[in-house]
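Trainee: Sharing a structure with you now.
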Amino acid sequence: HEVSVRGPQANRTAVGEAAGARPSAGERAGLLLRLGLLAAAAGFLGSYIVAALLRLRYPFELEWMEGGVVDHVKWILSGRPLYVPPSLDFVPYIYSPLYFYLAALVARLTGLGFFPLRLVSFAASLGCFAIIHRLVARETRSAFAGFVAAGLFAATYRLSGSWFDIARVDSLLLLLLLSVLYTLRLHPRPAPLLLSGLLAWFAFLAKQAGAFMVAPILIGSAASLGRRSLLPIGTALASFLAGNWVLDRLFRGWFSYYVLYLPRAKTVMKWRVAGFWVRDLLPSLGIAILVSALYLGYELTRGERARGRYYLAAALGMVGGSWLFRVHSGTHYNVLMPAHAAIALLCGLALGWGGRHKLLRLGLYGACLAQFALLVYHPLRLLPSSRDLAAGRALIATL
């Protein structure tokens, strides 16, 4: 109003001054922190993708059970059922069947070996990055926040034992969990809700832990869906009961023996109950956990409470599920992957929440950049060396 009453010449002068005004110190700091976050996220995403591509065709095991997984796929390709009575010829792992049969389909096209199995996991990991980015970007209306969240999850690659791309079931499980999370939140129509219930059962078929992790997500969807949440919950329950009954009939009872009965024999390692937090998570992801907790606290008290309850349920399922399985004997760092993904997702949502307040935004940018700094690792150390390759070949020659 003041500009308009001073006349055309004054208007042009005022506009010129506004256009030529230098950004404030806070704006410059925000821009630098934003560029730093983009560079860090891109660096971690790029280093993972390059490392995974270089590891895809490595002809020997990258982890102690990869060879056994290849044997499972070979067994399936020979036309025999996966779950059979134990014998000297073959004893199946106590895992759900989805990954093995999916990898067998790929192996029919590429040939048997580590490559098709790792390709399934690598593709699933890329899908996880894409869903994290899309979910955060849709919730916050910020592609920047989504990209940072995906990059933060990529930065946890080393923390989970470099497991994203190997011939194991975990990346496929995580892709299905995130698919359920995304569909329930952003596509609340009848057909997608029914699909999310089916995907929840698929998560169990990828790995038994999926049932424990997806259950809180389904229940938490009632916060925003109301009675419509009965569609995915009912579909998941019906699929679990009917589908598992059919699979048990197909495998003559051995499905439930290997998938449901034998895993119960694992014992709880008491030191891991607290060790999950004080050893596995807090030293490496303490800043991100604090940011996530602040975001959830805001949404549950002052923000959109339905969204806060939904993502609290997701955190309980994915972080709590990782904790539940980490405390058992025989588990490794791979069970932390769902917890890492949930924390990265919440951090991305926090960036969007803090975008409205300058000081809070700067604080969140700085905290996330510090978190990236704590996760820096040397990607070349995750690649098999020429000595590893020579040793593998020497062993084969000796045999």
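Chain identifiers are assigned as A, B, and so on, following the order in which chains appear in the structure tokens; residues are numbered from 1 within each chain, and ligands are numbered from 1 in order of appearance.
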Can you pull out the residues contacting segment 253-255 of chain A? Cut-off 9 Å, using only C-alpha atoms, and skip same-chain residues under 5 positions away; I want them as a short mmCIF file (atom, residue, chain, number, x, y, z; two decimals) with N, CA and C atoms, in the first residue's frame.
Mentor:
```
data_model
loop_
_atom_site.label_atom_id
_atom_site.label_comp_id
_atom_site.auth_asym_id
_atom_site.auth_seq_id
_atom_site.Cartn_x
_atom_site.Cartn_y
_atom_site.Cartn_z
N LEU A 82 10.10 -76.67 -2.63
CA LEU A 82 11.09 -76.09 -1.73
C LEU A 82 11.10 -76.76 -0.37
N TYR A 83 9.92 -77.06 0.17
CA TYR A 83 9.82 -77.62 1.52
C TYR A 83 9.57 -79.12 1.43
N VAL A 84 10.57 -79.87 1.84
CA VAL A 84 10.56 -81.33 1.75
C VAL A 84 11.09 -81.90 3.06
N PRO A 85 10.89 -83.19 3.31
CA PRO A 85 11.49 -83.78 4.50
C PRO A 85 13.02 -83.61 4.47
N SER A 96 10.51 -67.95 4.61
CA SER A 96 9.33 -67.99 3.75
C SER A 96 9.76 -68.11 2.28
N PRO A 97 8.86 -68.51 1.38
CA PRO A 97 9.29 -68.95 0.04
C PRO A 97 9.38 -67.88 -1.03
N ASN A 244 -1.83 -69.48 3.75
CA ASN A 244 -0.93 -70.39 4.44
C ASN A 244 -1.49 -71.80 4.50
N LEU A 247 -0.76 -73.28 1.10
CA LEU A 247 0.66 -73.60 0.97
C LEU A 247 1.02 -74.84 1.78
N ASP A 248 0.43 -74.98 2.94
CA ASP A 248 0.72 -76.16 3.76
C ASP A 248 0.21 -77.43 3.09
N LEU A 260 6.92 -71.85 10.23
CA LEU A 260 6.26 -71.42 11.46
C LEU A 260 6.79 -72.12 12.71
#
```
Trainee: I'd like the neighbourhood of Arg80 of chain A as a PyMOL selection string, where a residue qualifies if any of its atoms comes within 12 Å (using only C-alpha atoms), though same-chain residues fewer than 5 positions away should be ignored.
Mentor: chain A and resi 72-75+85+90+92+101+250-251
Trainee: With all heavy atoms retained, export the selected residues as a compact mmCIF listing (two decimals), in the first residue's frame.
Mentor:
```txt
# COMPACT_ATOMS: atom_id res chain seq x y z
N HIS A 72 19.12 -73.33 -3.10
CA HIS A 72 17.66 -73.39 -3.02
C HIS A 72 17.04 -73.11 -4.39
O HIS A 72 16.08 -73.79 -4.80
CB HIS A 72 17.15 -72.36 -2.00
CG HIS A 72 17.28 -72.80 -0.58
ND1 HIS A 72 18.48 -73.16 -0.01
CD2 HIS A 72 16.35 -72.94 0.40
CE1 HIS A 72 18.29 -73.49 1.25
NE2 HIS A 72 17.00 -73.37 1.52
N VAL A 73 17.55 -72.10 -5.07
CA VAL A 73 17.02 -71.76 -6.39
C VAL A 73 17.28 -72.90 -7.38
O VAL A 73 16.42 -73.25 -8.19
CB VAL A 73 17.63 -70.43 -6.89
CG1 VAL A 73 17.24 -70.16 -8.34
CG2 VAL A 73 17.18 -69.28 -5.99
N LYS A 74 18.45 -73.49 -7.29
CA LYS A 74 18.77 -74.64 -8.16
C LYS A 74 17.80 -75.79 -7.89
O LYS A 74 17.33 -76.46 -8.83
CB LYS A 74 20.20 -75.09 -7.90
CG LYS A 74 20.65 -76.26 -8.76
CD LYS A 74 22.10 -76.64 -8.45
CE LYS A 74 22.54 -77.83 -9.31
NZ LYS A 74 23.94 -78.22 -9.00
N TRP A 75 17.49 -76.02 -6.63
CA TRP A 75 16.55 -77.08 -6.25
C TRP A 75 15.17 -76.81 -6.86
O TRP A 75 14.52 -77.72 -7.40
CB TRP A 75 16.47 -77.14 -4.72
CG TRP A 75 15.59 -78.20 -4.15
CD1 TRP A 75 14.28 -78.07 -3.80
CD2 TRP A 75 15.97 -79.55 -3.85
NE1 TRP A 75 13.81 -79.26 -3.29
CE2 TRP A 75 14.82 -80.18 -3.30
CE3 TRP A 75 17.14 -80.28 -3.97
CZ2 TRP A 75 14.83 -81.51 -2.89
CZ3 TRP A 75 17.15 -81.61 -3.55
CH2 TRP A 75 16.00 -82.21 -3.02
N PRO A 85 10.89 -83.19 3.31
CA PRO A 85 11.49 -83.78 4.50
C PRO A 85 13.02 -83.61 4.47
O PRO A 85 13.63 -83.72 3.41
CB PRO A 85 11.10 -85.26 4.40
CG PRO A 85 9.88 -85.26 3.55
CD PRO A 85 10.07 -84.14 2.58
N PHE A 90 19.18 -82.40 0.76
CA PHE A 90 18.68 -81.02 0.85
C PHE A 90 17.90 -80.81 2.13
O PHE A 90 17.05 -81.63 2.50
CB PHE A 90 17.79 -80.71 -0.35
CG PHE A 90 17.28 -79.30 -0.40
CD1 PHE A 90 18.13 -78.24 -0.71
CD2 PHE A 90 15.95 -79.02 -0.11
CE1 PHE A 90 17.66 -76.94 -0.75
CE2 PHE A 90 15.48 -77.71 -0.15
CZ PHE A 90 16.33 -76.67 -0.47
N PRO A 92 15.91 -77.33 3.57
CA PRO A 92 15.65 -75.92 3.28
C PRO A 92 15.91 -75.03 4.48
O PRO A 92 15.82 -75.46 5.64
CB PRO A 92 14.16 -75.91 2.90
CG PRO A 92 13.59 -77.13 3.56
CD PRO A 92 14.68 -78.14 3.57
N TYR A 101 11.37 -68.26 -4.95
CA TYR A 101 10.65 -68.52 -6.20
C TYR A 101 10.76 -67.33 -7.16
O TYR A 101 10.84 -67.52 -8.38
CB TYR A 101 9.18 -68.84 -5.91
CG TYR A 101 8.98 -70.27 -5.45
CD1 TYR A 101 8.95 -70.59 -4.11
CD2 TYR A 101 8.88 -71.29 -6.39
CE1 TYR A 101 8.79 -71.92 -3.69
CE2 TYR A 101 8.73 -72.62 -5.99
CZ TYR A 101 8.69 -72.93 -4.63
OH TYR A 101 8.56 -74.24 -4.24
N LEU A 250 -0.06 -77.77 -0.23
CA LEU A 250 0.80 -77.98 -1.39
C LEU A 250 2.12 -78.63 -1.01
O LEU A 250 2.65 -79.48 -1.74
CB LEU A 250 1.07 -76.65 -2.10
CG LEU A 250 -0.11 -76.02 -2.86
CD1 LEU A 250 0.29 -74.65 -3.40
CD2 LEU A 250 -0.54 -76.93 -4.02
N PHE A 251 2.66 -78.24 0.14
CA PHE A 251 3.95 -78.77 0.59
C PHE A 251 3.79 -79.90 1.61
O PHE A 251 4.74 -80.26 2.30
CB PHE A 251 4.82 -77.65 1.18
CG PHE A 251 5.29 -76.65 0.17
CD1 PHE A 251 4.74 -75.38 0.13
CD2 PHE A 251 6.27 -76.98 -0.76
CE1 PHE A 251 5.17 -74.44 -0.80
CE2 PHE A 251 6.70 -76.05 -1.70
CZ PHE A 251 6.16 -74.78 -1.72
```
Trainee: Using only C-alpha atoms, pick whichever of A:Ala211, A:Ala344, A:Ala315, A:Leu175 has the shortest atom-to-atom distance to Tyr99 of chain A.
Mentor: A:Leu175
Trainee: Which residue, A:Val291, A:Leu198, A:Ala339, A:Leu135, has the smallest gap to Phe276 of chain A when you use only C-alpha atoms?
Mentor: A:Ala339
Trainee: With a cut-off of 8 Å, could you pull out the residues of segment 268-359 of chain A touching segment 369-388 of chain A and give me the nearest pair of atoms for each, distance in Å to one decimal, using only C-alpha atoms, ordered by chain and ascending number, as a tab-separated table?
Mentor:
```
residue	atom	partner	partner_atom	distance
A:Ser284	CA	A:Leu374	CA	6.6
A:Leu285	CA	A:Gln371	CA	6.9
A:Ile287	CA	A:Gln371	CA	5.9
A:Ala288	CA	A:Gln371	CA	6.5
```
Trainee: Let's have the selection written as an mmCIF file, in the first residue's frame, with N, CA, C and O atoms.
Mentor:
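The resulting file, part16.cif, is shown below:
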```cif
data_model
loop_
_atom_site.group_PDB
_atom_site.id
_atom_site.type_symbol
_atom_site.label_atom_id
_atom_site.label_comp_id
_atom_site.auth_asym_id
_atom_site.auth_seq_id
_atom_site.Cartn_x
_atom_site.Cartn_y
_atom_site.Cartn_z
ATOM 1 N N SER A 284 25.188 -44.602 16.106
ATOM 2 C CA SER A 284 25.300 -44.244 14.691
ATOM 3 C C SER A 284 24.154 -43.379 14.197
ATOM 4 O O SER A 284 24.322 -42.592 13.268
ATOM 5 N N LEU A 285 22.971 -43.499 14.795
ATOM 6 C CA LEU A 285 21.789 -42.788 14.303
ATOM 7 C C LEU A 285 21.104 -41.975 15.397
ATOM 8 O O LEU A 285 19.912 -41.659 15.286
ATOM 9 N N ILE A 287 21.295 -38.812 16.257
ATOM 10 C CA ILE A 287 20.761 -37.519 15.815
ATOM 11 C C ILE A 287 19.461 -37.713 15.045
ATOM 12 O O ILE A 287 18.464 -37.010 15.269
ATOM 13 N N ALA A 288 19.452 -38.666 14.127
ATOM 14 C CA ALA A 288 18.246 -38.922 13.332
ATOM 15 C C ALA A 288 17.094 -39.402 14.211
ATOM 16 O O ALA A 288 15.928 -39.055 13.972
#
```
Trainee: Ranking A:Val319, A:Leu112, A:Val91, A:Ala130 by minimum distance to Pro59 of chain A and counting only C-alpha atoms, which one comes first?
Mentor: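 Looking at the shortest contact to Pro59 of chain A, the residue is A:Leu112.
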Trainee: For Val169 of chain A, work out the shell of residues within 8 Å, counting only C-alpha atoms and skipping chain neighbours fewer than 2 positions away, then give it as a list in words.
Mentor: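 The neighbour list is Tyr99, Ser121, Ala167, Ser171, Leu172, Leu173, Ala206 and Lys207 of chain A.
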